[in-house]
Every structure is written in C-alpha cells, then in structure tokens.
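A.B. asks: Shown below is the structure under consideration.
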Amino acid sequence: MSDVAIVGIGMHEFGRHDGISGMDQGVTAVRRALADCGQQWSDMEFAVGGSMDAGAADTMVSRVGLTGLPFTNVVNGCATGGTALAQAVNTIESGAGDLGIAIGFDKHEKGAFRIKGPRGKDWYGGSGLALTTQFFGMKINRYMHEHGITRPTLAKVGAKAFRNGALNPMAWRRKPLSEEEVADSLMLSYPLTQYMFCSPGEGGVAMILCRADKAKQYTDRPIYLKAAAVRTRKFGSFEVLAPSIALEHDAGPTSAASKAAFEQAGIGPEDVDVAQLQDTEAGAEIMHMAENGFCEHGEQEQMLANGDTEINGRLPVNTDGGCLANGEPIGASGLRQVYENVLQLRGDAGERQVPNDPKVAYTHVYGAPGISGVTILSR
Amino acid sequence: MSDVAIVGIGMHEFGRHDGISGMDQGVTAVRRALADCGQQWSDMEFAVGGSMDAGAADTMVSRVGLTGLPFTNVVNGCATGGTALAQAVNTIESGAGDLGIAIGFDKHEKGAFRIKGPRGKDWYGGSGLALTTQFFGMKINRYMHEHGITRPTLAKVGAKAFRNGALNPMAWRRKPLSEEEVADSLMLSYPLTQYMFCSPGEGGVAMILCRADKAKQYTDRPIYLKAAAVRTRKFGSFEVLAPSIALEHDAGPTSAASKAAFEQAGIGPEDVDVAQLQDTEAGAEIMHMAENGFCEHGEQEQMLANGDTEINGRLPVNTDGGCLANGEPIGASGLRQVYENVLQLRGDAGERQVPNDPKVAYTHVYGAPGISGVTILSR
Amino acid sequence: MTTPIANPVAVADGIFTLNDGQPVLLGSRCTNCDNHMFPRQHGCPRCMFNEQVDVELATRGTLWTWTVQAFPPKAPPYLGPVGDDFEPFGVGYVELPGQLRVEARLTESDPEKLQIGMEMEIVPFVLGTDEDGNDVVTYAFAPVTQNGDQS
Amino acid sequence: MTTPIANPVAVADGIFTLNDGQPVLLGSRCTNCDNHMFPRQHGCPRCMFNEQVDVELATRGTLWTWTVQAFPPKAPPYLGPVGDDFEPFGVGYVELPGQLRVEARLTESDPEKLQIGMEMEIVPFVLGTDEDGNDVVTYAFAPVTQNGDQS
Ligand SMILES: [Zn+2]
Ligand SMILES: [Zn+2]
C-alpha cells in the first residue's frame, strides 16, 4: 500500500474547444486543482505531466510560474495518465518530494486516431490494414465467439455511457442515446458501430498529491492512493497494429497490472465500490471487466442484463460516461478516471453519485502498444 | 545521498549510421549493458527510456523481450537522459523495483536543430529569429562582455574536445583540430564558428541500476549514484527561443540543479575529480564551468590557459570529447556523460583515462526550454 | 480460380514473393525457441535470442477472428480505391498451424459468410494500378470452398 | 532617415502596430507585479497573477547582447531572401528601460560596428514582397547616430 494521498483535483471540460489550445486546458486544470486545496504553484515541489499532441507539458511553466521545480514529461500513449501518476507516487515515496502535481492534457483533430503507430509501414497501411478500429472489432469479435457475448450487450454498454455522460457537466456528449440508437448507428468495424467508439477529443486534468501523513494539512477530505501499477504486454498478448500474433496466449497487460495493484492494496475485486475501466469502445469495457478481475469471462452478458454496472448497481462502471461520452484526449484520459473516483469517494459526484457511501474506487487505463495502468483509491 | 548503484553500462557508437535506426542503436546499447553485468532483459523490473525523434522507447520491448515490465517513456529535450536517470533513482528508492534500466537513443537528420520549439510562431521564424544558434551566440557574447572571456578561449574549448574525441573509439569526430582550425572555420553565429557547435547525431546508451546494497551481486565494480537532481528555469533565466526576456536576472536551472546535487551528495565542487558538462557549443562549456560551481565567473579564461580542464589537468572536463566530438542524439546525450564517468571511475577509459585514480565524477546536461540535470557518481 | 494478373508489382519488397502468381509470406523462425515472426525480424521477443532463419509461411489456415472495414482508410497510405469507389472489405487473422496468426485482407466482406474457424487460403489481391500501369498486388485470404478451391 | 514604405503589410497581427510608419511593439503588463511581457500574454510567469493590461513598449533602448546570423535560415518559415540573395544580418536583445529586453533583427550586421550598451531605436524592416506586391514588414532595431537619428 502506498503512502500517498490526493488532496486537490482540477479538470478542464472535455469536448471540442475551438480557439483553446490543449496547453490552455492543462493550465486551467492546474489552476483548478491548486484552488481545490488552497495551494500555489510555488508550493509544488515537482511535476509530472504528459500530452501526446498538445506540446511538451513542461513548457507550461511559462504560464503557471517559473519556480524552477523538476518537471518530468512522460508519454505512454493512452496510458500516459497512469504513468504520470505512478511516477508521482514513486517521487513521493522515494522522498524526492512531499507535495507535487500530476498533469495530463491533449487536443486531437477529428479522425486523429484513424491511422498511427510505429508499425504503420507503407505496405501495411497501403494494403488497408493498420487501422486501430479494425483491431478493436477483431478483438471483441473473437471474444464474443469464445465467451458467448452477444451484440445487444455491446449496445447496452454504449447506452449506459451516454446516460451517465448526460449527468456529468464536464462530459463532451451529454445526450442520452437508446440501445437501439447505439446499435443502429453506422457500422464502422463489425461488430462495432459509430456510437460504440470513443472519439479523439480535448481536455485537461490535474491532481495534487502528497505524503499521506501530511494530507490533512491540505484538505479535510484526502483520498488515499492504495495502489498504482503499470504493466506492459508480455509475449502472446493480442495488441493493436500487429501484422502477426503468436499462437501462444498471454492474458495481457491489464490482468498483470490489475493483479499487481490488488496485491499492493491488499484487497480484492470484491472490495471495490466503483470502477472506471478503459472503454475505447464498448467491447473494451466488457473485456476489461473480466481482465480486471471483476467477473469471469462470459459473465458480463448477464451482469449487463441485470444492470449490475449501472450507477445504482452492484459494481458501477464508468460513472462519468467513460471515454465514450467524454472522448479521449490521450494525455488526460487516465487522470479523468482518477478525478471521477475522487469525486465519488468524496461524495461530490452530484446527480451521478454512487449510493451507499463508496469507500474503494478502481481505475484502469489501457493504451498502445500494450500498456495498462491501474490505481486503487480509498477514503 | 542516494542508495542506488550503476552496475552495467552499454553504448552504441555515436555518429551517423545509415540504415541503422535509432531504435536499433538503443537495442544494441541495452544488449551491451545487460552483457556488462551478466543480466537478462527478463531480470529487469522496470525501464525508463527516452528518444526525441526515433520513436517511443517502450516499443523496443518487441525486440528485447515482452516481459511485461513497467516501461516509462520520458521526453525532456536535451535533458531527457538526466530525467530518465532521476526517475529510475526514484523508482528504486521508492521500493517499486530493485533492478532496472535507463535507456536513451536518438537519430536526427542533418540540420535537425536549426529551427524548432513551441514558440517558433510564423512571425518569429518569418522575421529570421527562432534559430537556436542565435541564442547561443548571444548568450556567450554577453557573458564574454561581462566576464572578460576572449575569443581564443572559445577555440581552446573546441580544440580540446576534438583532441579528446580522437582518443575515444565511440566518438563520432575523431580527428584532432588545432585552435586555429576551430577559430578559422566558418562563422555561423558570432562569435561561434562551425567547429564550436555540436551537430545533431545518432547513438544510444543504456545503464542498469539497482539498490546500492545489492550491487555486489551484479558486479565487483559498482559505481554509486550519490545525487541525481533536475531543475527547470525560474523567472528571469535567459533561455532559448524567447522573443523577450525579463530585466530581472536568475542564475538559471544549471546553478539550481548543481546546488541541489551537491547538497544531496554532501560534498562540494572541490571534491570532483572529473566532470562532463553540457557543451552544445564551446561557450556553453565555459559558462557551465561557473554555473556548476567549479570556478567564479571569468576565471575560465585563466583555467583554459593553464590546461586545467585537460585530461591530465586539475579538473578534466568532457574527457570523451563532449557533444562537440560526439554529436548530440538528444535522448542519448545525457546518458553518454554518465557512461563516460562510469568508465573513468572504473579506470576503464583507456587512452583518455584521467590519472590519479578518480573517485568522484560529475555530469551536467542542459536542454530547452530551460532544464538541467546533474548527477554525481562515486566509487 | 484466380484470374492471372498481367503485370503484378508487389506492394513492398520482403513481405511476400509471388510463386506462380500465388503469394507466399516471408517470415522468420527463431533457431532457439522456434517462435515464428512476420514480417521478418531480427531478435526474438519470446526468448530474446538473436539468431533467426528465413522461412516461408503456410498458405492455408483457419480464420481466427475477423471484422469488416466499412469506411475508406485514409489515402495515403491506403493504395486501394476510396471515395465513391470504396467497397467495404474483410480483415482478419488467419491461424497458420504451428506457425502464427497473420493479419490479412479477406476476399469476403459479408458478415453472414464469415465464420471463425473456417478454412482459408492465401491469394494475390490487386489494390490498384501504379503510374506505369502495373497492378499493385498485396496478399489476402479467401475462404476455401467445399471442393478445395478458394471461392 | 527611413525611406517610407509604400504598401506595408505587417508580418503578423498583434505583434506591433505601425504608427506613422514606425513600429510600436505590443506587450502586456501584469497589474499585480508590473512584469512586462512580449508578445502579449495572459498569465504572469513572475507572480502567476492572471490580470494583465495591454501596453505599447518603448521604441528606444540599449543593445544588451547581439550576434550575426551568417547562414540563411530555413525558408519557410523565414520570409526573407535565401540562397544567393542572402546577406548576413544582426540579431540582438535590446533593453527597454523599466520594461524588458526584446529580441529583434538589427539593421547593422558588422561585428565591428555593434557594441553592447549602444543606443538603439526601432525601425520598420522589409522582409520581402507578398504575392499581391505588398512589402512584408517586421520590426528591427537600428543604432542611433550621434545627432539622435538612427543611422
Ligand atoms: Zn526465440
Ligand atoms: Zn505578475
């Protein structure tokens, strides 16, 4: 278990914001996080930050204050937020700093996720492969075949996301969509339709962390980081943009990061009251429920039918609308999940507050080329 | 003082290597570092790596082994290597891992440093500003005016670099040049000539670090990291690509990182036996001698005249030829300095070995937009 | 039966050869652990051993998973028809027994006709025409019909 | 004396205005700590205060440091002449008393004639001609001669 607490959080609204740079959104998130715990930028002893497409995070010091602090830029694809948080925890636990800030922001053009990745060689993209959407379609298609998940369950995940997003004033897409609307939207990559995919977006999140034993100096409602684990893929893991994969099967970096985090925290999946799981598309949320240990493979079909992952269900999942309703500004997305969990544990989640006073919250972020980050928070 | 040791080092030759990717060079450095201490990639509990232009460092796992380890990509301009090392130290000191690897590699096109930076706006570059070389010329011109440094001293720094580079089998430029040849080469940005500037280049460096109390398991010649500090610029610091600067003066991130490192190590500049100082151009080495505490401003003129910074001098500086003779693959450059110091402290530096059994070694790396990293090593 | 392609030009070198008009994928096999890789690669991600030999991959296998690419990929890099000429196409991983699973275009794009586990065979596939009028060819997999031919 | 420029077009908006043909740089001043910034910026790096007002910067100052750009900058972004038409040009920071030091082209490019501390004045500088035949103008600083005019 870690000895680190989150004492301040700040977010810039997710969505599309013409004329507001990604850096602007990061700066706003930083100012809001500082205000949340009554601190100044000059109080920060270190910073860790990341953005994929919106400039080197450390250049923001010319906007928020040239105080000389060590500022580490991290870039780990969609898992950038998880990496930033893990490095911030290491920095505090090593004694290199007692109070610091983790920052993520981004701004992507429409369609920015269509083709990318180091293996997007000419022949590969030239042949009509190399689209990340294809990977997601193929991964969930195989998973549905193996574990008896049906297409209406994908639509249920999408409808839940937009229903929750409608309750979240910081979300991008705030219009509820029915299961039919999700299922009947444009088919992009069988079996996944348009509203089952998240879009590249914009936004920023910052959070202020400190040594757990000092947390009460900064807030009367500290949230403790019981675990922060990052793992990369092992041999045999099925990942995006792979011209070939091995016959050998590995459970993937999500299972590994989840096991490591539960071990660090000394608790199990049954102790979790609310979870934010990477939902790049609807199928990902389903697979990640099992990969993170919250059910057996195949049980998701019944859980969704029962409403178990609704805000008032047994295990609320993606209570803020997830990537589907918030879009995915890569550098900010992982920290958005942690932000939502802090709100839920504080009891500040408003209309989407999980009932019964949640005590333990879980986040999982996943990104190319096969990296997962998990955090476990508690009051 | 840190509780971390360097037990293995590996380097891919610096220079220009047609047909060999930057990632290839990073992989070679990793293999050599593992061989240096008899370890396998699967023994690594974590990795921290960075490259500016040669791809996300973590994608190398498909080449060196899909073992699932947490792999953090850091990108902090020229200070990337310093940041990677500092994060590796934090990771070990926090207890998150006992044995890990720091990796830096890069590959830049010819002329890659000409124009860059987030402030390279249309009007700024359009007007003929926005060249990093201009900044270096203007900074040293002011410094020479204030502190009585003359142009022949710049040439002495250049000649020393190529003389040392000629003794280094891993260096790019291995032909000695006289002070006259350096002084009389093409004037690029007054008072700096062509051979007073480093060039964008290629190369890779990796080093394996562990808890100090376990170091003897891996090598009988561990080198201890007594300090690793990173600092960013404060208000009033004179930095590259600034359309304006404040009247107020700050001593800059190098002084701050140096002070912090000496404090961590519990020693002073007088205890250092060999130093590698950022020499993006000849003037930088001169200014950094004072900014790192090795002399007063202005004393460099006499020190260079005395030969104090030669390999057999009182304080050998840039014994491997520095950036001037090695070129600057951004992600690898800071770790090259540490690599050289490990060789010097082991007594393995061959023809360029500093005499009298050096015990304490110092590195300083500096990069845009105003970030410095310092390490202090000892046997 | 496949119609012969008049002037085939491979989409890239080192990915496959055309053997009597039939593509054969070029892979690597690790001499230490037998792990197969495609495209050819130096260094084995399974055992980290550094010695690999060139192998030709199997031309038949079974469909491991699939999807249908329903919108035009960005061109470039895509070399096939886009805009109004675009037609949805299948994409899948075909398991080559004892070797690996290879990603490929499929000649079939109807979800009703694609089934995980079905038998597949490699065929040449014309993406478009280059400026010299040659057919630019990549590899694809086609379902094998009951009499053993690809459909 | 400067020759008047027939059809001046500023290299960008929001950087300077032309006042009777004379450039005036557009800066910001922090209302909390008086820190001056150029170009205009929201948010003060000195005191982190968020309220700034627009100010026009001084048109005279002293040369704080300088260099000579001896090789052609990459074009684009550079808008001036390159190749055989390139001429080395001076670049420096001019200290505007009580405000800040601003980076600028210098009209003088001879190292023998540039001295730290010398008096400088802002002048318009024509980089080139745009496609409509207008002169693209940026700001530069010129040494002030003994009688008070710029040379
Ligand atoms: Zn192998
Ligand atoms: Zn201010």
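Convention: chains lettered A, B, ... in structure tokens order; per-chain residue numbering from 1; ligands numbered from 1 as shown.
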At a cut-off of 10 Å, list the chain B residues touching chain C, using only C-alpha atoms, as a PDB file with C-alpha atoms, in the first residue's frame.

C.D. replies:
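Wrote result-v6.pdb, looks like this:
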ATOM      1  CA  VAL B  27      18.596  -2.047 -28.592  1.00  0.00           C
ATOM      2  CA  ARG B  31      22.221  -5.695 -25.027  1.00  0.00           C
ATOM      3  CA  GLN B  40      18.982 -10.758 -18.927  1.00  0.00           C
ATOM      4  CA  TRP B  41      16.216  -8.409 -20.059  1.00  0.00           C
ATOM      5  CA  SER B  42      13.839 -10.625 -18.095  1.00  0.00           C
ATOM      6  CA  MET B  60      11.580  -1.733 -28.102  1.00  0.00           C
ATOM      7  CA  VAL B  61      10.132  -4.477 -25.912  1.00  0.00           C
ATOM      8  CA  SER B  62       9.074  -6.301 -29.073  1.00  0.00           C
ATOM      9  CA  ARG B  63      12.802  -6.541 -29.856  1.00  0.00           C
ATOM     10  CA  VAL B  64      14.418  -7.115 -26.481  1.00  0.00           C
ATOM     11  CA  GLY B  65      11.697  -9.114 -24.792  1.00  0.00           C
ATOM     12  CA  LEU B  66       7.995  -8.960 -23.999  1.00  0.00           C
ATOM     13  CA  THR B  67       8.398  -9.475 -20.283  1.00  0.00           C
TER      14      THR B  67
END

A.B. asks: Output the contact residues of chain A with respect to chain B at a cut-off of 6 Å, based on only C-alpha atoms, as a count of residues only.

C.D. replies: 19

A.B. asks: I want to know what sits within 9 Å of C:Ala70, based on only C-alpha atoms, with residues of the same chain fewer than 3 positions away left out; could you give that as a ChimeraX atom specification?

C.D. replies: /A:186-190 /C:87-90

A.B. asks: Where in stretch 190-299 of chain B does DSSP assign alpha helix (DSSP H), given as a list in words?

C.D. replies: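 Listing alpha helix (DSSP H) positions across stretch 190-299 of chain B yields Pro253, Thr254, Ser255, Ala256, Ala257, Ser258, Lys259, Ala260, Ala261, Phe262, Glu263, Gln264, Ala265, Ala282, Gly283, Ala284, Glu285, Ile286, Met287, His288, Met289, Ala290 and Glu291 of chain B.
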
A.B. asks: Can you tell me how far atom CA of C:Ala58 sits from atom CA of C:Val11, in Å to one decimal?

C.D. replies: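 Pair atom CA of C:Ala58 / atom CA of C:Val11 returns 19.8 Å.
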
A.B. asks: Give me, please, the distance in Å between atom CA of A:Asn341 and atom CA of A:Val354, quoted to one decimal.

C.D. replies: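 Taking atom CA of A:Asn341 as the start and atom CA of A:Val354 as the end point, the length is 10.1 Å.
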
A.B. asks: Just want the 6 Å neighbourhood of D:Asp135, counted on only C-alpha atoms, with same-chain residues fewer than 4 positions away dropped. Output as a ChimeraX atom specification.

C.D. replies: /D:7-9,128-129

A.B. asks: Counting only C-alpha atoms, what is within 10 Å of B:Asn164, bar same-chain residues fewer than 4 positions away, as an MDAnalysis selection string?

C.D. replies: chainID B and resid 159:160 168 171 173:176 310:311 317:322 325 351:352

A.B. asks: What is the atom CA of B:Gly22-atom CA of B:Ser51 distance in Å, reported with one decimal?

C.D. replies: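 Those two atoms sit 8.4 Å apart.
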
A.B. asks: DSSP on the backbone, strand (DSSP E or B) only: what residues of stretch 3-127 of chain C does that give? Format it as a count of residues only.

C.D. replies: 57
